[in-house]
$ cat query_28.cif   # mmCIF, C-alpha atoms
data_work
loop_
_atom_site.group_PDB
_atom_site.id
_atom_site.type_symbol
_atom_site.label_atom_id
_atom_site.label_comp_id
_atom_site.auth_asym_id
_atom_site.auth_seq_id
_atom_site.Cartn_x
_atom_site.Cartn_y
_atom_site.Cartn_z
ATOM 1 C CA MET R 1 25.143 -14.217 -18.604
ATOM 2 C CA ASN R 2 22.685 -14.448 -21.470
ATOM 3 C CA CYS R 3 19.665 -12.244 -22.189
ATOM 4 C CA LYS R 4 17.203 -14.756 -20.781
ATOM 5 C CA LYS R 5 18.915 -14.770 -17.408
ATOM 6 C CA ALA R 6 19.318 -10.987 -17.511
ATOM 7 C CA ARG R 7 15.567 -10.587 -17.935
ATOM 8 C CA VAL R 8 14.881 -12.809 -14.991
ATOM 9 C CA LEU R 9 17.053 -10.502 -12.907
ATOM 10 C CA MET R 10 15.889 -7.258 -14.522
ATOM 11 C CA SER R 11 13.283 -6.124 -12.003
ATOM 12 C CA ALA R 12 15.441 -7.089 -9.049
ATOM 13 C CA ALA R 13 18.250 -5.039 -10.573
ATOM 14 C CA VAL R 14 15.937 -2.035 -10.900
ATOM 15 C CA ASP R 15 14.929 -2.381 -7.262
ATOM 16 C CA SER R 16 18.430 -3.052 -5.903
ATOM 17 C CA GLU R 17 17.378 -6.497 -4.772
ATOM 18 C CA LEU R 18 20.255 -8.409 -6.331
ATOM 19 C CA ALA R 19 23.109 -9.994 -4.464
ATOM 20 C CA LEU R 20 26.463 -8.397 -5.197
ATOM 21 C CA LYS R 21 27.697 -11.161 -7.513
ATOM 22 C CA GLU R 22 24.417 -11.242 -9.447
ATOM 23 C CA GLU R 23 24.510 -7.509 -9.842
ATOM 24 C CA GLN R 24 28.067 -7.565 -11.153
ATOM 25 C CA ASP R 25 27.188 -10.256 -13.704
ATOM 26 C CA PHE R 26 24.049 -8.392 -14.693
ATOM 27 C CA LEU R 27 25.854 -5.086 -15.222
ATOM 28 C CA ALA R 28 28.580 -6.870 -17.183
ATOM 29 C CA HIS R 29 25.908 -8.247 -19.497
ATOM 30 C CA LEU R 30 24.371 -4.795 -20.005
ATOM 31 C CA LYS R 31 27.716 -3.480 -21.153
ATOM 32 C CA GLN R 32 27.729 -5.877 -24.050
ATOM 33 C CA CYS R 33 23.989 -6.045 -24.817
ATOM 34 C CA LYS R 34 22.333 -2.903 -26.091
ATOM 35 C CA GLU R 35 18.861 -4.415 -26.041
ATOM 36 C CA CYS R 36 18.970 -5.414 -22.374
ATOM 37 C CA HIS R 37 20.592 -2.113 -21.517
ATOM 38 C CA GLU R 38 17.697 -0.214 -23.090
ATOM 39 C CA GLU R 39 15.166 -2.416 -21.411
ATOM 40 C CA PHE R 40 16.838 -1.788 -18.078
ATOM 41 C CA GLU R 41 16.761 1.972 -18.603
ATOM 42 C CA ASP R 42 13.085 1.796 -19.612
ATOM 43 C CA ALA R 43 12.191 -0.242 -16.549
ATOM 44 C CA LYS R 44 13.974 2.228 -14.269
ATOM 45 C CA LYS R 45 12.156 5.079 -15.918
ATOM 46 C CA THR R 46 8.794 3.367 -15.589
ATOM 47 C CA LYS R 47 9.412 2.878 -11.888
ATOM 48 C CA MET R 48 10.307 6.529 -11.552
ATOM 49 C CA ILE R 49 7.130 7.650 -13.303
ATOM 50 C CA ILE R 50 4.949 5.612 -10.991
ATOM 51 C CA LYS R 51 6.851 6.777 -7.960
ATOM 52 C CA GLU R 52 6.610 10.421 -8.873
ATOM 53 C CA ARG R 53 3.460 10.762 -10.897
ATOM 54 C CA ILE R 54 0.857 8.806 -9.042
ATOM 55 C CA VAL R 55 -0.855 11.259 -6.776
ATOM 56 C CA GLN R 56 -0.960 10.331 -3.135
ATOM 57 C CA PHE R 57 -4.153 11.475 -1.514
ATOM 58 C CA LYS R 58 -4.418 12.643 2.043
ATOM 59 C CA ALA R 59 -6.717 10.628 4.236
ATOM 60 C CA PRO R 60 -9.807 12.721 5.002
ATOM 61 C CA GLN R 61 -9.929 14.318 8.445
ATOM 62 C CA SER R 62 -13.038 12.294 9.299
ATOM 63 C CA LEU R 63 -11.023 9.116 8.835
ATOM 64 C CA VAL R 64 -8.093 10.446 10.858
ATOM 65 C CA ASP R 65 -10.469 11.332 13.692
ATOM 66 C CA ALA R 66 -12.201 7.984 13.505
ATOM 67 C CA ILE R 67 -8.912 6.113 13.759
ATOM 68 C CA MET R 68 -7.740 8.237 16.665
ATOM 69 C CA GLN R 69 -11.006 7.593 18.466
ATOM 70 C CA LEU R 70 -11.014 3.959 17.584
ATOM 71 C CA THR R 71 -8.273 2.997 19.971
ATOM 72 C CA SER R 72 -9.781 4.750 22.962
ATOM 73 C CA LEU R 73 -13.267 3.422 22.199
ATOM 74 C CA THR R 74 -11.904 -0.068 21.917
ATOM 75 C CA ALA R 75 -10.217 0.393 25.264
ATOM 76 C CA ILE R 76 -13.463 1.387 26.938
ATOM 77 C CA GLU R 77 -15.369 -1.499 25.364
ATOM 78 C CA HIS R 78 -12.632 -3.820 26.498
ATOM 79 C CA GLU R 79 -12.828 -2.586 30.075
ATOM 80 C CA ASP R 80 -16.585 -2.845 30.155
ATOM 81 C CA THR R 81 -16.441 -6.402 28.970
ATOM 82 C CA LEU R 82 -13.984 -7.266 31.699
ATOM 83 C CA LEU R 83 -15.900 -5.423 34.384
ATOM 84 C CA PHE R 84 -19.340 -6.755 33.678
ATOM 85 C CA GLU R 85 -18.717 -10.211 32.389
ATOM 86 C CA MET A 1 -2.316 -9.747 41.236
ATOM 87 C CA THR A 2 -3.184 -9.902 37.545
ATOM 88 C CA GLU A 3 -5.922 -7.760 36.092
ATOM 89 C CA THR A 4 -7.994 -10.769 35.130
ATOM 90 C CA GLY A 5 -7.519 -12.247 38.572
ATOM 91 C CA ARG A 6 -8.897 -9.120 40.168
ATOM 92 C CA CYS A 7 -11.751 -8.968 37.699
ATOM 93 C CA GLU A 8 -12.918 -12.422 38.652
ATOM 94 C CA HIS A 9 -13.818 -11.099 42.094
ATOM 95 C CA MET A 10 -15.763 -8.179 40.788
ATOM 96 C CA LYS A 11 -19.507 -8.020 40.926
ATOM 97 C CA LYS A 12 -21.840 -5.712 39.090
ATOM 98 C CA GLN A 13 -22.928 -4.155 42.381
ATOM 99 C CA GLU A 14 -19.462 -2.904 43.253
ATOM 100 C CA PRO A 15 -19.340 0.742 44.346
ATOM 101 C CA ILE A 16 -18.624 3.154 41.535
ATOM 102 C CA HIS A 17 -15.346 4.441 43.021
ATOM 103 C CA GLN A 18 -13.895 0.923 43.178
ATOM 104 C CA ILE A 19 -14.767 0.291 39.577
ATOM 105 C CA GLN A 20 -13.186 3.602 38.760
ATOM 106 C CA THR A 21 -9.922 2.592 40.403
ATOM 107 C CA LYS A 22 -9.826 -0.635 38.487
ATOM 108 C CA LYS A 23 -10.674 1.167 35.315
ATOM 109 C CA ASP A 24 -7.739 3.473 35.887
ATOM 110 C CA SER A 25 -5.293 0.668 36.431
ATOM 111 C CA LEU A 26 -6.639 -1.169 33.416
ATOM 112 C CA SER A 27 -6.407 1.811 31.220
ATOM 113 C CA ARG A 28 -2.761 2.385 32.061
ATOM 114 C CA GLU A 29 -2.003 -0.838 30.232
ATOM 115 C CA GLU A 30 -4.393 0.162 27.482
ATOM 116 C CA GLN A 31 -2.852 3.591 27.318
ATOM 117 C CA GLN A 32 0.550 2.086 26.759
ATOM 118 C CA LYS A 33 -0.857 -0.075 23.992
ATOM 119 C CA GLN A 34 -2.578 2.927 22.448
ATOM 120 C CA HIS A 35 0.599 4.943 22.577
ATOM 121 C CA GLU A 36 2.585 2.217 20.893
ATOM 122 C CA PHE A 37 -0.163 1.595 18.354
ATOM 123 C CA GLN A 38 -0.250 5.220 17.382
ATOM 124 C CA LYS A 39 3.494 5.377 17.049
ATOM 125 C CA GLU A 40 3.776 2.154 15.030
ATOM 126 C CA ALA A 41 0.511 1.834 13.157
ATOM 127 C CA VAL A 42 -1.435 5.077 12.888
ATOM 128 C CA VAL A 43 1.498 6.802 11.158
ATOM 129 C CA HIS A 44 0.759 4.670 8.081
ATOM 130 C CA LEU A 45 -2.793 5.941 7.723
ATOM 131 C CA ASN A 46 -2.225 7.853 4.485
ATOM 132 C CA SER A 47 -0.502 4.936 2.810
ATOM 133 C CA LEU A 48 -3.262 2.554 3.795
ATOM 134 C CA TYR A 49 -5.928 4.967 2.622
ATOM 135 C CA ASN A 50 -4.270 5.307 -0.790
ATOM 136 C CA TYR A 51 -3.880 1.583 -1.143
ATOM 137 C CA ALA A 52 -7.541 1.128 -0.226
ATOM 138 C CA LEU A 53 -8.532 3.782 -2.768
ATOM 139 C CA HIS A 54 -6.677 1.976 -5.502
ATOM 140 C CA MET A 55 -8.407 -1.250 -4.655
ATOM 141 C CA THR A 56 -11.941 -0.028 -4.114
ATOM 142 C CA MET A 57 -11.997 3.013 -6.410
ATOM 143 C CA ASN A 58 -14.454 4.523 -4.005
ATOM 144 C CA PRO A 59 -13.597 6.936 -1.179
ATOM 145 C CA ASP A 60 -16.365 5.713 1.145
ATOM 146 C CA ASP A 61 -15.416 2.081 0.719
ATOM 147 C CA ALA A 62 -11.771 2.997 1.181
ATOM 148 C CA GLU A 63 -12.584 4.720 4.479
ATOM 149 C CA ASP A 64 -14.553 1.719 5.691
ATOM 150 C CA LEU A 65 -11.790 -0.624 4.688
ATOM 151 C CA VAL A 66 -9.144 1.401 6.507
ATOM 152 C CA GLN A 67 -11.267 1.712 9.633
ATOM 153 C CA GLU A 68 -11.918 -1.986 9.686
ATOM 154 C CA THR A 69 -8.226 -2.636 9.192
ATOM 155 C CA TYR A 70 -7.231 -0.470 12.145
ATOM 156 C CA LEU A 71 -9.897 -1.966 14.335
ATOM 157 C CA LYS A 72 -8.638 -5.439 13.588
ATOM 158 C CA ALA A 73 -5.003 -4.391 13.877
ATOM 159 C CA TYR A 74 -5.638 -2.855 17.295
ATOM 160 C CA ARG A 75 -7.405 -5.952 18.555
ATOM 161 C CA PHE A 76 -4.576 -8.172 17.395
ATOM 162 C CA PHE A 77 -1.749 -5.759 18.072
ATOM 163 C CA ASN A 78 -0.232 -8.190 20.571
ATOM 164 C CA SER A 79 0.352 -10.650 17.749
ATOM 165 C CA PHE A 80 2.310 -8.088 15.740
ATOM 166 C CA GLU A 81 5.926 -9.163 15.809
ATOM 167 C CA ARG A 82 7.840 -6.216 17.233
ATOM 168 C CA GLY A 83 10.767 -5.101 15.137
ATOM 169 C CA THR A 84 9.184 -6.240 11.850
ATOM 170 C CA ASN A 85 7.606 -3.846 9.371
ATOM 171 C CA CYS A 86 4.319 -2.687 10.851
ATOM 172 C CA LYS A 87 3.250 -1.112 7.575
ATOM 173 C CA ALA A 88 3.586 -4.477 5.807
ATOM 174 C CA TRP A 89 1.566 -6.106 8.560
ATOM 175 C CA LEU A 90 -1.208 -3.515 8.187
ATOM 176 C CA PHE A 91 -1.236 -3.847 4.404
ATOM 177 C CA LYS A 92 -1.723 -7.551 4.703
ATOM 178 C CA ILE A 93 -4.661 -7.120 7.064
ATOM 179 C CA LEU A 94 -6.149 -4.551 4.704
ATOM 180 C CA LYS A 95 -5.767 -6.845 1.730
ATOM 181 C CA ASN A 96 -7.457 -9.712 3.544
ATOM 182 C CA ASN A 97 -10.297 -7.427 4.574
ATOM 183 C CA TYR A 98 -10.661 -6.280 1.016
ATOM 184 C CA ILE A 99 -10.835 -9.825 -0.318
ATOM 185 C CA ASN A 100 -13.449 -10.775 2.252
ATOM 186 C CA ARG A 101 -15.606 -7.723 1.803
ATOM 187 C CA PHE A 102 -15.330 -6.377 -1.681
ATOM 188 C CA ARG A 103 -13.816 -8.713 -4.137
ATOM 189 C CA LYS A 104 -16.846 -10.919 -4.579
ATOM 190 C CA ASN A 105 -18.793 -7.992 -5.976
ATOM 191 C CA SER A 106 -16.023 -6.410 -7.956
ATOM 192 C CA ARG A 107 -15.807 -6.007 -11.692
ATOM 193 C CA GLU A 108 -14.493 -8.810 -13.823
ATOM 194 C CA PRO A 109 -10.738 -9.137 -13.669
ATOM 195 C CA GLY A 110 -8.991 -7.689 -16.662
ATOM 196 C CA LYS A 111 -11.875 -5.423 -17.541
ATOM 197 C CA VAL A 112 -11.011 -1.791 -17.153
ATOM 198 C CA ASP A 113 -13.705 0.768 -16.701
ATOM 199 C CA TYR A 114 -11.999 3.939 -17.877
ATOM 200 C CA ASP A 115 -15.028 6.078 -17.124
ATOM 201 C CA LEU A 116 -15.020 4.834 -13.572
ATOM 202 C CA ILE A 117 -11.336 5.634 -13.204
ATOM 203 C CA LYS A 118 -11.807 9.050 -14.719
ATOM 204 C CA ASP A 119 -14.796 9.903 -12.544
ATOM 205 C CA PHE A 120 -13.018 8.629 -9.511
ATOM 206 C CA TYR A 121 -9.890 10.550 -10.255
ATOM 207 C CA HIS A 122 -11.745 13.798 -10.795
ATOM 208 C CA SER A 123 -13.914 13.362 -7.755
ATOM 209 C CA ILE A 124 -10.927 13.023 -5.500
ATOM 210 C CA LYS A 125 -8.124 15.015 -7.035
ATOM 211 C CA ASP A 126 -9.106 18.256 -5.332
ATOM 212 C CA THR A 127 -8.075 16.768 -2.041
ATOM 213 C CA ARG A 128 -4.789 15.459 -3.285
ATOM 214 C CA SER A 129 -1.541 15.976 -1.496
ATOM 215 C CA ASP A 130 1.136 18.129 -2.947
ATOM 216 C CA THR A 131 3.175 16.533 -5.647
ATOM 217 C CA THR A 132 6.621 17.336 -6.794
ATOM 218 C CA GLU A 133 6.443 19.138 -10.078
ATOM 219 C CA ALA A 134 9.560 18.923 -12.081
ATOM 220 C CA GLU A 135 11.671 17.370 -14.723
ATOM 221 C CA SER A 136 11.589 18.136 -18.371
ATOM 222 C CA ASP A 137 11.514 14.490 -19.401
ATOM 223 C CA TYR A 138 8.670 13.807 -21.784
ATOM 224 C CA PHE A 139 7.124 11.165 -19.578
ATOM 225 C CA HIS A 140 7.061 13.582 -16.708
ATOM 226 C CA SER A 141 4.948 15.893 -18.787
ATOM 227 C CA LEU A 142 2.156 13.368 -18.902
ATOM 228 C CA LEU A 143 -0.885 14.180 -16.945
ATOM 229 C CA HIS A 144 -1.199 12.417 -13.649
ATOM 230 C CA GLU A 145 -4.496 11.045 -14.734
ATOM 231 C CA GLU A 146 -2.991 9.278 -17.714
ATOM 232 C CA VAL A 147 -0.441 7.551 -15.543
ATOM 233 C CA TYR A 148 -3.183 6.627 -13.153
ATOM 234 C CA GLN A 149 -5.227 5.106 -15.953
ATOM 235 C CA ALA A 150 -2.241 3.250 -17.314
ATOM 236 C CA LEU A 151 -1.610 1.722 -13.913
ATOM 237 C CA HIS A 152 -5.228 0.712 -13.587
ATOM 238 C CA SER A 153 -5.309 -0.846 -17.025
ATOM 239 C CA LEU A 154 -2.923 -3.539 -15.793
ATOM 240 C CA PRO A 155 -4.227 -6.875 -14.567
ATOM 241 C CA GLU A 156 -4.534 -6.737 -10.793
ATOM 242 C CA GLU A 157 -1.661 -9.101 -10.039
ATOM 243 C CA PHE A 158 0.737 -6.795 -11.897
ATOM 244 C CA ARG A 159 -0.700 -3.555 -10.594
ATOM 245 C CA GLU A 160 -0.546 -4.820 -7.049
ATOM 246 C CA VAL A 161 3.169 -5.610 -7.027
ATOM 247 C CA ILE A 162 4.021 -2.358 -8.810
ATOM 248 C CA GLN A 163 2.107 -0.371 -6.223
ATOM 249 C CA LEU A 164 3.639 -2.232 -3.315
ATOM 250 C CA CYS A 165 7.130 -1.896 -4.716
ATOM 251 C CA ASP A 166 7.270 1.461 -6.480
ATOM 252 C CA MET A 167 4.769 3.482 -4.492
ATOM 253 C CA GLU A 168 5.083 1.956 -1.052
ATOM 254 C CA GLY A 169 8.705 0.849 -1.115
ATOM 255 C CA PHE A 170 8.241 -2.640 0.282
ATOM 256 C CA THR A 171 11.018 -5.191 -0.187
ATOM 257 C CA TYR A 172 10.495 -8.243 -2.375
ATOM 258 C CA GLU A 173 10.345 -10.396 0.713
ATOM 259 C CA GLU A 174 7.594 -8.273 2.225
ATOM 260 C CA ILE A 175 5.680 -8.221 -1.046
ATOM 261 C CA ALA A 176 6.018 -11.995 -1.455
ATOM 262 C CA ASN A 177 4.533 -12.373 2.000
ATOM 263 C CA MET A 178 1.652 -10.016 1.238
ATOM 264 C CA VAL A 179 0.668 -11.541 -2.070
ATOM 265 C CA GLU A 180 1.400 -15.046 -0.791
ATOM 266 C CA SER A 181 3.660 -15.958 -3.694
ATOM 267 C CA PRO A 182 7.365 -16.802 -3.977
ATOM 268 C CA ILE A 183 9.895 -14.012 -4.514
ATOM 269 C CA GLY A 184 10.543 -15.329 -8.033
ATOM 270 C CA THR A 185 6.899 -14.661 -8.879
ATOM 271 C CA VAL A 186 7.146 -11.132 -7.493
ATOM 272 C CA ARG A 187 10.202 -10.544 -9.673
ATOM 273 C CA SER A 188 8.564 -11.752 -12.854
ATOM 274 C CA ARG A 189 5.309 -9.900 -12.169
ATOM 275 C CA LEU A 190 7.254 -6.703 -11.690
ATOM 276 C CA TYR A 191 9.180 -7.325 -14.865
ATOM 277 C CA ARG A 192 6.099 -8.039 -16.954
ATOM 278 C CA GLY A 193 4.003 -5.387 -15.247
ATOM 279 C CA ARG A 194 6.529 -2.647 -15.901
ATOM 280 C CA LYS A 195 6.814 -3.744 -19.502
ATOM 281 C CA LEU A 196 3.066 -3.555 -19.964
ATOM 282 C CA LEU A 197 2.970 -0.227 -18.220
ATOM 283 C CA ARG A 198 5.712 1.130 -20.386
ATOM 284 C CA GLY A 199 3.675 0.151 -23.450
ATOM 285 C CA GLN A 200 0.634 1.934 -22.055
ATOM 286 C CA LEU A 201 2.580 5.056 -21.216
ATOM 287 C CA GLU A 202 4.055 5.206 -24.682
ATOM 288 C CA ASP A 203 0.566 5.114 -26.153
ATOM 289 C CA TYR A 204 -0.432 7.983 -23.950
ATOM 290 C CA ALA A 205 2.710 9.872 -24.835
ATOM 291 C CA LYS A 206 1.928 9.512 -28.526
ATOM 292 C CA LYS A 207 -1.670 10.489 -27.983
ATOM 293 C CA PHE A 208 -0.574 13.694 -26.336
ATOM 294 C CA GLY A 209 2.038 14.433 -28.953
ATOM 295 C CA PHE A 210 5.124 13.798 -26.873
ATOM 296 C CA ASN A 211 8.250 12.428 -28.374
ATOM 297 C CA THR A 212 8.453 8.796 -27.341
ATOM 298 C CA ASN A 213 11.973 8.285 -28.477
ATOM 299 C CA ASN A 214 14.592 8.387 -25.778
ATOM 300 C CA ASN A 215 17.043 10.121 -28.079
ATOM 301 C CA THR A 216 16.578 13.823 -28.340
ATOM 302 C CA GLU A 217 16.021 13.937 -32.074
ATOM 303 C CA GLN A 218 13.434 16.427 -33.230
#
$ encode --input "query_28.cif" --output "structure tokens"
Amino acid sequence: MNCKKARVLMSAAVDSELALKEEQDFLAHLKQCKECHEEFEDAKKTKMIIKERIVQFKAPQSLVDAIMQLTSLTAIEHEDTLLFE
Amino acid sequence: MTETGRCEHMKKQEPIHQIQTKKDSLSREEQQKQHEFQKEAVVHLNSLYNYALHMTMNPDDAEDLVQETYLKAYRFFNSFERGTNCKAWLFKILKNNYINRFRKNSREPGKVDYDLIKDFYHSIKDTRSDTTEAESDYFHSLLHEEVYQALHSLPEEFREVIQLCDMEGFTYEEIANMVESPIGTVRSRLYRGRKLLRGQLEDYAKKFGFNTNNNTEQ
């Protein structure tokens, strides 16, 4: 495998989306290519930062309530439509 | 015997108690749907809200978008293919809603309003969920806000796949379906997006005086 091909597979390797054979070839290339190896490590790290550092907000209670109500309200509307059509 | 069959015979003048009986039998079916909907769909509320926040950069718009998404999802819940990823299905509905409602008025693509991001971040961070503090790695010492800004400095097509993959954990196949592009495109966007992001994060690291070299030289 050359560097060009390795870069095509890079993200899929980070995300464990490669087929077994592809992964083996990819890892074999990394062993002999320092540049691709570093890039792979950087990409993994970048993924980790996003995964861990982007704050996940909690949905406000008003939204939670609205969604919970939504289904029952829809049900009532639905029944009314059927009953009085 | 069907509900619709029975309804055809109903008149507006029907006695209240009869309507009540029919309502009860109708709502049993509805109740089952509600139960399933809550189990499958409502559990993803936080994820959808965060995705909506990232797209709209406005908590009120995000709430509207999520509500609209759930309303639509509930109406069309029968068309949801059981056994597939309900979260992916909801995200796709949300994205379509967003395109229809907001995108026309949005800022120019590629233009990043850092003040907007900053204001937004500060306005909402008090309500944030708990995050895992940890690791001594220099990148992990960066402020959340800086990472947030770096992510938002990316062109939308790159940011989108990074969010869907790294924050939401969707598979490439699911992402390809959501962004309506081939898997190969998802791969290359992730590759280029992460590279761009890495560049941004290094700038931030330098700005804040962190060592940007992987080796532990002082």
$ resolve_selection --input "query_28.cif" --expression "the PyMOL selection byres ((chain R and resi 18) around 12)" --output "PyMOL selection string"
(chain R and resi 6+8-17+19-27) or (chain A and resi 171-172+183+187)
$ atom_distance --input "query_28.cif" --atom1 "atom CA of Leu48 of chain A" --atom2 "atom CA of Ile93 of chain A"
10.3 Å
$ residues_around --input "query_28.cif" --residues "Leu94 of chain A" --least-positions-apart "4" --cutoff "8 Å" --atoms "all atoms listed in the file" --output "ChimeraX atom specification"
/A:48,52,65-66,69,90,98
$ closest_residue --input "query_28.cif" --among "R:Phe57, R:Asp42, R:Lys34, R:Ala28" --to "chain A" --atoms "all atoms listed in the file"
R:Phe57
$ closest_residue --input "query_28.cif" --among "R:Met1, R:Leu30, R:Cys36, R:Val64" --to "chain A" --atoms "all atoms listed in the file"
R:Val64
$ atom_distance --input "query_28.cif" --atom1 "atom CA of Asn97 of chain A" --atom2 "atom CA of Asp65 of chain R"
20.9 Å
$ atom_distance --input "query_28.cif" --atom1 "atom CA of Asn85 of chain A" --atom2 "atom CA of Glu174 of chain A"
8.4 Å
$ closest_residue --input "query_28.cif" --among "A:Tyr148, A:Trp89, A:Tyr70, A:Phe170" --to "Leu70 of chain R" --atoms "only C-alpha atoms"
A:Tyr70
$ closest_residue --input "query_28.cif" --among "A:Phe80, A:Phe158, A:Phe102, A:Phe37" --to "chain R" --atoms "only C-alpha atoms"
A:Phe37
$ axis_aligned_box --input "query_28.cif" --around "segment 25-43 of chain R" --padding-each-side "5 Å" --output "lines of an AutoDock Vina configuration file"
center_x = 20.4
center_y = -4.1
center_z = -19.9
size_x = 26.4
size_y = 22.2
size_z = 22.4
$ closest_residue --input "query_28.cif" --among "R:Thr46, R:Gln61, R:Gln56, R:Asn2" --to "Cys33 of chain R" --atoms "only C-alpha atoms"
R:Asn2
$ closest_residue --input "query_28.cif" --among "A:Asn177, A:Ser188, A:Ser47, A:Gln200" --to "Leu151 of chain A" --atoms "only C-alpha atoms"
A:Gln200
